[in-house]
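Everything below belongs to query_24.tsv, which stores TSV, C-alpha atoms.
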```
chain	number	residue	atom	x	y	z
A	1	MET	CA	10.10	42.18	-74.75
A	2	THR	CA	13.31	43.67	-73.33
A	3	VAL	CA	13.76	46.26	-76.07
A	4	LEU	CA	10.12	47.33	-75.85
A	5	VAL	CA	10.25	47.70	-72.07
A	6	HIS	CA	13.46	49.72	-72.32
A	7	LEU	CA	11.89	52.07	-74.87
A	8	ILE	CA	8.84	52.55	-72.64
A	9	VAL	CA	11.02	53.26	-69.60
A	10	THR	CA	13.17	55.70	-71.57
A	11	LEU	CA	10.04	57.63	-72.53
A	12	GLY	CA	8.99	57.70	-68.88
A	13	MET	CA	12.36	58.89	-67.66
A	14	LEU	CA	13.13	61.55	-70.26
A	15	TYR	CA	9.71	63.00	-71.02
A	16	VAL	CA	6.88	61.79	-68.80
A	17	ILE	CA	8.38	62.80	-65.47
A	18	PRO	CA	9.54	66.32	-66.41
A	19	ALA	CA	6.27	66.99	-68.23
A	20	GLY	CA	4.37	65.78	-65.18
A	21	LEU	CA	6.41	67.90	-62.80
A	22	ARG	CA	5.44	71.02	-64.75
A	23	LEU	CA	1.80	70.08	-64.32
A	24	ILE	CA	2.16	69.43	-60.59
A	25	ASP	CA	3.71	72.81	-59.85
A	26	PRO	CA	4.96	74.92	-62.78
A	27	VAL	CA	6.65	77.35	-60.40
A	28	ALA	CA	8.24	75.34	-57.58
A	29	LEU	CA	9.20	72.39	-59.80
A	30	ARG	CA	10.14	74.32	-62.92
A	31	GLY	CA	13.88	74.11	-62.26
A	32	THR	CA	13.75	70.40	-61.50
A	33	ALA	CA	11.67	69.73	-64.61
A	34	ARG	CA	14.12	71.70	-66.75
A	35	ILE	CA	17.19	69.73	-65.69
A	36	TRP	CA	15.42	66.39	-65.27
A	37	PRO	CA	16.45	64.95	-68.67
A	38	LEU	CA	20.09	65.42	-67.60
A	39	LEU	CA	19.40	63.74	-64.26
A	40	ALA	CA	17.57	60.92	-66.00
A	41	ALA	CA	20.15	60.36	-68.75
A	42	PRO	CA	22.28	57.92	-66.68
A	43	GLY	CA	19.17	55.85	-66.00
A	44	ALA	CA	18.23	55.79	-69.68
A	45	VAL	CA	21.77	54.80	-70.69
A	46	CYS	CA	22.03	52.01	-68.11
A	47	LEU	CA	19.03	50.26	-69.63
A	48	TRP	CA	21.01	49.45	-72.75
A	49	LEU	CA	24.13	48.18	-70.98
A	50	PRO	CA	24.75	44.64	-69.76
A	51	ARG	CA	23.96	44.03	-66.11
A	52	GLY	CA	26.94	44.80	-63.92
A	53	ALA	CA	28.76	47.45	-61.94
A	54	ILE	CA	28.68	50.23	-64.55
A	55	ALA	CA	24.97	49.81	-65.23
A	56	ALA	CA	24.25	49.69	-61.49
A	57	VAL	CA	26.20	52.91	-60.83
A	58	LEU	CA	24.33	54.74	-63.58
A	59	ALA	CA	21.04	53.38	-62.23
A	60	ALA	CA	21.99	54.61	-58.75
A	61	LEU	CA	22.47	58.12	-60.12
A	62	TYR	CA	18.95	58.02	-61.49
A	63	ALA	CA	17.62	56.55	-58.25
A	64	ALA	CA	19.18	59.45	-56.34
A	65	ALA	CA	17.29	61.90	-58.55
A	66	ALA	CA	14.08	59.91	-58.02
A	67	LEU	CA	14.62	59.98	-54.26
A	68	SER	CA	14.92	63.77	-54.45
A	69	LEU	CA	11.33	63.80	-55.70
A	70	ALA	CA	10.32	61.71	-52.70
A	71	ALA	CA	12.00	64.34	-50.52
A	72	ARG	CA	9.95	66.98	-52.32
A	73	ALA	CA	6.83	64.99	-51.49
A	74	ALA	CA	7.80	64.89	-47.81
A	75	ALA	CA	8.48	68.64	-47.79
A	76	ARG	CA	5.19	69.31	-49.58
A	77	LEU	CA	3.31	67.16	-47.07
A	78	LEU	CA	4.95	68.93	-44.12
A	79	ARG	CA	4.20	72.34	-45.60
A	80	THR	CA	0.56	71.40	-46.16
A	81	VAL	CA	0.19	70.09	-42.61
A	82	ARG	CA	1.61	73.30	-41.18
A	83	SER	CA	-0.35	75.68	-43.41
A	84	PRO	CA	-3.27	73.83	-44.98
A	85	ALA	CA	-4.90	75.63	-47.88
A	86	ALA	CA	-8.62	75.40	-48.43
A	87	GLY	CA	-9.42	72.04	-49.98
A	88	ALA	CA	-5.74	71.04	-50.10
A	89	GLY	CA	-5.15	69.29	-46.82
A	90	PRO	CA	-2.60	66.47	-46.65
A	91	LEU	CA	-5.36	63.88	-47.07
A	92	ALA	CA	-7.35	65.81	-49.69
A	93	PRO	CA	-7.84	63.51	-52.71
A	94	ALA	CA	-6.01	65.59	-55.33
A	95	GLU	CA	-3.10	66.21	-52.98
A	96	ALA	CA	-2.89	62.51	-52.04
A	97	ALA	CA	-2.65	61.67	-55.75
A	98	VAL	CA	0.09	64.26	-56.31
A	99	LEU	CA	2.12	63.01	-53.35
A	100	THR	CA	1.83	59.46	-54.72
A	101	ALA	CA	3.09	60.66	-58.09
A	102	LEU	CA	6.16	62.24	-56.49
A	103	LEU	CA	6.91	59.09	-54.49
A	104	ALA	CA	6.47	56.55	-57.30
A	105	PRO	CA	9.74	57.19	-59.20
A	106	SER	CA	11.76	56.28	-56.10
A	107	VAL	CA	10.21	52.79	-56.18
A	108	ALA	CA	11.07	52.53	-59.87
A	109	GLY	CA	14.61	53.78	-59.25
A	110	THR	CA	15.22	51.30	-56.44
A	111	ALA	CA	14.02	48.41	-58.58
A	112	LEU	CA	16.20	49.63	-61.44
A	113	VAL	CA	19.37	49.62	-59.32
A	114	ALA	CA	18.73	46.07	-58.13
A	115	GLU	CA	17.86	44.78	-61.60
A	116	ARG	CA	20.88	46.41	-63.27
A	117	ALA	CA	23.12	44.99	-60.53
A	118	GLY	CA	21.63	41.53	-61.05
A	119	TYR	CA	20.47	41.46	-57.42
A	120	ARG	CA	17.15	39.77	-56.63
A	121	LEU	CA	15.83	42.43	-54.26
A	122	PHE	CA	13.45	40.87	-51.69
A	123	GLY	CA	13.81	37.64	-53.66
A	124	PHE	CA	12.01	38.92	-56.78
A	125	ASP	CA	13.02	37.64	-60.19
A	126	LEU	CA	14.98	40.11	-62.27
A	127	ASP	CA	12.20	40.17	-64.88
A	128	ILE	CA	9.72	41.30	-62.22
A	129	LEU	CA	12.09	44.02	-61.05
A	130	ALA	CA	12.57	45.14	-64.66
A	131	LEU	CA	8.79	45.44	-65.13
A	132	THR	CA	8.43	47.30	-61.84
A	133	VAL	CA	10.37	50.19	-63.37
A	134	PRO	CA	7.83	51.07	-66.12
A	135	HIS	CA	4.94	50.20	-63.83
A	136	PHE	CA	5.88	52.88	-61.31
A	137	HIS	CA	6.65	55.44	-63.99
A	138	PHE	CA	3.20	55.01	-65.54
A	139	ALA	CA	0.78	53.26	-63.15
A	140	GLY	CA	2.51	55.02	-60.27
A	141	PHE	CA	3.60	58.47	-61.42
A	142	THR	CA	1.42	59.24	-64.44
A	143	ALA	CA	-1.81	57.55	-63.37
A	144	ALA	CA	-1.75	59.19	-59.94
A	145	LEU	CA	-0.86	62.57	-61.45
A	146	VAL	CA	-3.67	62.45	-64.02
A	147	ALA	CA	-6.14	61.29	-61.36
A	148	GLY	CA	-5.15	64.32	-59.29
A	149	LEU	CA	-5.49	66.69	-62.27
A	150	VAL	CA	-8.92	65.30	-63.13
A	151	CYS	CA	-9.97	65.65	-59.50
A	152	ARG	CA	-8.84	69.28	-59.40
A	153	ALA	CA	-10.74	70.03	-62.61
A	154	THR	CA	-14.01	68.28	-61.73
A	155	ARG	CA	-14.35	68.29	-57.94
A	156	ALA	CA	-16.78	71.24	-58.05
A	157	VAL	CA	-18.82	69.87	-60.96
A	158	PRO	CA	-22.28	68.74	-59.81
A	159	GLY	CA	-22.54	64.97	-60.02
A	160	ALA	CA	-18.82	64.50	-60.68
A	161	GLY	CA	-17.19	65.60	-57.45
A	162	ALA	CA	-17.73	62.39	-55.50
A	163	LEU	CA	-16.49	60.20	-58.34
A	164	SER	CA	-13.42	62.38	-58.93
A	165	ARG	CA	-12.51	62.28	-55.24
A	166	TRP	CA	-12.91	58.50	-55.21
A	167	ALA	CA	-10.73	58.17	-58.29
A	168	ALA	CA	-8.01	60.38	-56.80
A	169	TYR	CA	-7.92	58.16	-53.71
A	170	SER	CA	-8.34	54.79	-55.41
A	171	VAL	CA	-5.57	55.19	-57.99
A	172	PRO	CA	-2.87	55.74	-55.31
A	173	GLY	CA	-4.58	53.15	-53.11
A	174	GLY	CA	-4.70	50.57	-55.90
A	175	THR	CA	-1.07	51.22	-56.80
A	176	LEU	CA	-0.07	50.68	-53.17
A	177	LEU	CA	-2.12	47.48	-52.98
A	178	VAL	CA	-0.47	46.15	-56.13
A	179	LEU	CA	2.94	46.89	-54.59
A	180	LEU	CA	1.94	45.13	-51.36
A	181	GLY	CA	0.66	42.23	-53.42
A	182	TYR	CA	4.23	41.63	-54.60
A	183	PHE	CA	5.07	40.73	-51.00
A	184	VAL	CA	1.86	38.93	-50.04
A	185	ASP	CA	0.33	36.81	-52.80
A	186	ASP	CA	-1.43	36.94	-56.15
A	187	TRP	CA	-4.83	37.45	-54.53
A	188	ALA	CA	-3.65	40.62	-52.82
A	189	GLU	CA	-2.26	41.81	-56.13
A	190	LEU	CA	-5.62	41.04	-57.75
A	191	ALA	CA	-7.34	43.17	-55.10
A	192	GLY	CA	-4.98	46.00	-55.96
A	193	ALA	CA	-5.66	45.54	-59.66
A	194	VAL	CA	-9.42	45.73	-59.04
A	195	VAL	CA	-9.11	48.97	-57.05
A	196	LEU	CA	-6.65	50.49	-59.53
A	197	THR	CA	-8.78	49.49	-62.52
A	198	GLY	CA	-11.89	50.97	-60.93
A	199	GLY	CA	-10.05	54.20	-60.24
A	200	MET	CA	-8.61	54.44	-63.74
A	201	TRP	CA	-11.98	53.71	-65.34
A	202	ALA	CA	-13.41	56.52	-63.23
A	203	VAL	CA	-10.63	58.79	-64.50
A	204	ALA	CA	-11.45	57.73	-68.07
A	205	LEU	CA	-15.18	58.42	-67.58
A	206	LEU	CA	-14.57	61.85	-66.03
A	207	THR	CA	-12.05	62.71	-68.73
A	208	TRP	CA	-14.51	61.79	-71.47
A	209	ARG	CA	-17.64	63.25	-69.89
A	210	GLU	CA	-16.40	66.33	-68.04
A	211	VAL	CA	-12.88	67.37	-69.09
A	212	ARG	CA	-12.96	66.70	-72.84
A	213	PRO	CA	-16.11	68.76	-73.63
A	214	GLY	CA	-14.59	71.77	-71.86
A	215	ALA	CA	-11.41	71.72	-73.96
A	216	HIS	CA	-11.48	74.63	-76.42
A	217	ASP	CA	-8.45	73.15	-78.19
A	218	ARG	CA	-9.53	70.42	-80.65
A	219	THR	CA	-6.16	68.71	-80.43
A	220	ALA	CA	-6.36	68.57	-76.64
A	221	ALA	CA	-9.90	67.20	-76.87
A	222	ALA	CA	-8.76	64.47	-79.28
A	223	LEU	CA	-5.85	63.56	-77.02
A	224	LEU	CA	-8.16	63.36	-74.00
A	225	ALA	CA	-10.60	61.18	-75.91
A	226	THR	CA	-7.78	58.85	-76.94
A	227	SER	CA	-6.42	58.57	-73.41
A	228	ALA	CA	-9.86	57.77	-72.00
A	229	ALA	CA	-10.62	55.13	-74.63
A	230	VAL	CA	-7.21	53.48	-74.26
A	231	LEU	CA	-7.58	53.26	-70.48
A	232	VAL	CA	-10.72	51.17	-70.77
A	233	VAL	CA	-8.88	48.53	-72.79
A	234	THR	CA	-5.48	48.55	-71.08
A	235	MET	CA	-6.93	48.30	-67.58
A	236	LEU	CA	-9.19	45.45	-68.67
A	237	LEU	CA	-6.03	43.65	-69.78
A	238	ALA	CA	-4.42	44.36	-66.39
A	239	LEU	CA	-7.45	42.94	-64.62
A	240	TRP	CA	-7.43	39.85	-66.85
A	241	TRP	CA	-3.73	39.24	-66.16
A	242	ALA	CA	-4.08	39.65	-62.38
A	243	LEU	CA	-7.14	37.38	-62.33
A	244	GLY	CA	-5.29	34.72	-64.29
A	245	GLU	CA	-2.27	34.90	-61.99
A	246	ALA	CA	-4.48	34.44	-58.92
A	247	THR	CA	-6.79	31.74	-60.25
A	248	GLY	CA	-4.73	29.92	-62.85
A	249	LEU	CA	-7.14	30.83	-65.64
A	250	VAL	CA	-5.76	31.42	-69.10
A	251	HIS	CA	-4.31	34.94	-69.31
A	252	PRO	CA	-1.80	36.94	-71.38
A	253	THR	CA	1.92	36.37	-71.02
A	254	LEU	CA	4.21	39.12	-69.71
A	255	THR	CA	5.56	39.62	-73.23
A	256	TRP	CA	2.06	40.08	-74.60
A	257	MET	CA	1.16	42.43	-71.72
A	258	ALA	CA	4.21	44.58	-72.42
A	259	ALA	CA	3.24	44.85	-76.09
A	260	THR	CA	-0.41	45.69	-75.38
A	261	HIS	CA	-1.07	46.95	-71.85
A	262	GLY	CA	2.37	48.50	-71.41
A	263	LEU	CA	2.65	50.14	-74.81
A	264	GLY	CA	-0.97	51.29	-74.72
A	265	ASN	CA	-0.59	52.89	-71.31
A	266	ALA	CA	2.70	54.56	-72.24
A	267	LEU	CA	1.61	56.05	-75.57
A	268	GLY	CA	-2.18	56.00	-75.60
A	269	PHE	CA	-2.74	57.05	-72.01
A	270	ALA	CA	0.33	58.68	-70.46
A	271	LEU	CA	1.74	60.53	-73.45
A	272	CYS	CA	-1.67	61.64	-74.76
A	273	SER	CA	-2.81	62.73	-71.29
A	274	LEU	CA	0.29	64.79	-70.56
A	275	LEU	CA	0.21	66.46	-73.98
A	276	ALA	CA	-3.47	67.26	-73.53
A	277	TRP	CA	-3.13	68.64	-70.00
A	278	ARG	CA	-0.13	70.70	-71.10
A	279	ARG	CA	-2.25	72.28	-73.85
A	280	LEU	CA	-5.12	72.86	-71.43
A	281	THR	CA	-2.78	74.52	-68.94
A	282	LEU	CA	-1.31	76.79	-71.60
A	283	ASP	CA	-4.79	77.64	-72.85
A	284	ARG	CA	-5.94	78.67	-69.37
A	285	THR	CA	-2.80	80.73	-68.84
A	286	GLU	CA	-3.22	82.56	-72.13
A	287	THR	CA	-6.93	83.30	-71.54
A	288	THR	CA	-6.51	84.46	-67.94
A	289	PRO	CA	-6.67	88.29	-67.83
```

Would you write the structure of this file as structure tokens?
Amino acid sequence: MTVLVHLIVTLGMLYVIPAGLRLIDPVALRGTARIWPLLAAPGAVCLWLPRGAIAAVLAALYAAAALSLAARAAARLLRTVRSPAAGAGPLAPAEAAVLTALLAPSVAGTALVAERAGYRLFGFDLDILALTVPHFHFAGFTAALVAGLVCRATRAVPGAGALSRWAAYSVPGGTLLVLLGYFVDDWAELAGAVVLTGGMWAVALLTWREVRPGAHDRTAAALLATSAAVLVVTMLLALWWALGEATGLVHPTLTWMAATHGLGNALGFALCSLLAWRRLTLDRTETTP
């Protein structure tokens, strides 16, 4: 499981975040996205080192970069409060999702520092801290980002606007509830999993029904279809695992979840979604007079 988790996290650090930053704001975040692989390299390297001082220092360098994104989120929120654009207030659904995406890597970075140092932060087992890192790169950063992108693209579509707004709120809300569930109990985490699963299934439905048919690029359409289909399965697995943890019913092991839910979300959902939205963005740019 360790090697697989490290590979998933490396993908999140080196590609998913910079690709996502370009989708959030291709102008303001272009410089950060360009140099991000260099900022993330210490974090990627530390994954493959034994726990200890060197690994913790490298993890701290990555955490500092992740915290800079949280600072960007704070600045973005302040700017929006001072000069709200139409439909982009600080509590607007798409903006709430984007802010969540910018904040999520700092949670992952903090957990990474503790895990690499061998420190049981807040009393959590090191395995839980290790799994928190990919969770907040994908369920935190990517899921919130994609929910925001889908909301932006479909909020004016008749019959889809209400569902897209709900999805853009529920994905960040579910992610936060899952995080709070770490500190409360398994039932609270199950509640978060239910909200997050509902939000992600809404994203999958909107992607399949509204976004995919409008893609003029066949490759982008295929990538969107794949991401939507994968989400249905991977989030069902997440719900099954959370239900089993809360009730004691038979459920997948963490190793099995990493190999199915984790790998599916990283490659089938996150990677396919980002590649598709990148193609859609380029297509719109090229066709705009």

Inset, instruction - Using only C-alpha atoms, find all polymer residues with an atom at most 9 Å away from the point (25.0, 51.3, -61.4); report them as a PyMOL selection string. - result: chain A and resi 42-43+46+51-61+112-114+116-117

Legend entry - Atomic distance CA of Val171 in chain A - CA of His251 in chain A, expressed in Å with one decimal: 23.2 Å

Legend entry - Spatial neighbours of Val233 in chain A, max dist 9 Å, all atoms listed in the file, sep filter under 4 positions, as a PyMOL selection string: chain A and resi 229+237-238+261+264

Legend entry - Point-to-point distance in Å for CA of Val27 in chain A and CA of Tyr15 in chain A: 18.1 Å

Legend entry - Minimum-distance residue to Val195 in chain A, chosen among A:Ala258, A:Ser170, A:Ser164, A:Gly181 (using all atoms listed in the file): A:Ser170

Inset, instruction - Write out as a PyMOL selection string the residues lying within 8 Å of Phe138 in chain A, counting all atoms listed in the file and excluding same-chain residues fewer than 2 positions away. - result: chain A and resi 12+134-136+140-143+265-266+270

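Comparing the minimum interatomic distances between Ala147 in chain A and each of A:Leu205, A:Leu69, A:Leu179, A:Leu29, counting all atoms listed in the file, we find that A:Leu205 sits nearest.
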
Inset, instruction - Quick one: pull the distance between CA of Val230 in chain A and CA of Trp201 in chain A, Å, one decimal. - result: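 About the pair CA of Val230 in chain A and CA of Trp201 in chain A: they are 10.1 Å apart.
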
Inset, instruction - With only C-alpha atoms counted, which protein, DNA or RNA residues have an atom no more than 12 Å from (15.3, 52.8, -75.8) in the file frame? Please answer as a list in words. - result: Met1, Thr2, Val3, Leu4, Val5, His6, Leu7, Ile8, Val9, Thr10, Leu11, Gly12, Met13, Leu14, Ala41, Gly43, Ala44, Val45, Cys46, Leu47, Trp48 and Leu49 of chain A

Per-residue nearest contacts of range 64-175 of chain A to range 213-216 of chain A (12 Å; only C-alpha atoms) as JSON lines:
```
{"residue": "A:Ala153", "atom": "CA", "partner": "A:Gly214", "partner_atom": "CA", "distance": 10.2}
{"residue": "A:Thr154", "atom": "CA", "partner": "A:Gly214", "partner_atom": "CA", "distance": 10.7}
{"residue": "A:Val157", "atom": "CA", "partner": "A:Gly214", "partner_atom": "CA", "distance": 11.8}
```

Legend entry - Nearest to Pro93 in chain A, chosen from A:Ser273, A:Ser106, A:Trp166, A:Gly174, with all atoms listed in the file counted in the distances: A:Trp166

Legend entry - Nearest to Ala64 in chain A by atom-to-atom distance, counting only C-alpha atoms, from A:Met200, A:Leu254, A:Val107, A:Leu236: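 Checking each candidate against Ala64 in chain A, we get A:Val107 as the closest.
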
Inset, instruction - Rank nothing, just name the residue among A:Ala94, A:Val81, A:Leu39, A:Ile128 nearest to Leu67 in chain A, using only C-alpha atoms. - result: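 Ranking A:Ala94, A:Val81, A:Leu39, A:Ile128 by distance to Leu67 in chain A, first place goes to A:Leu39.
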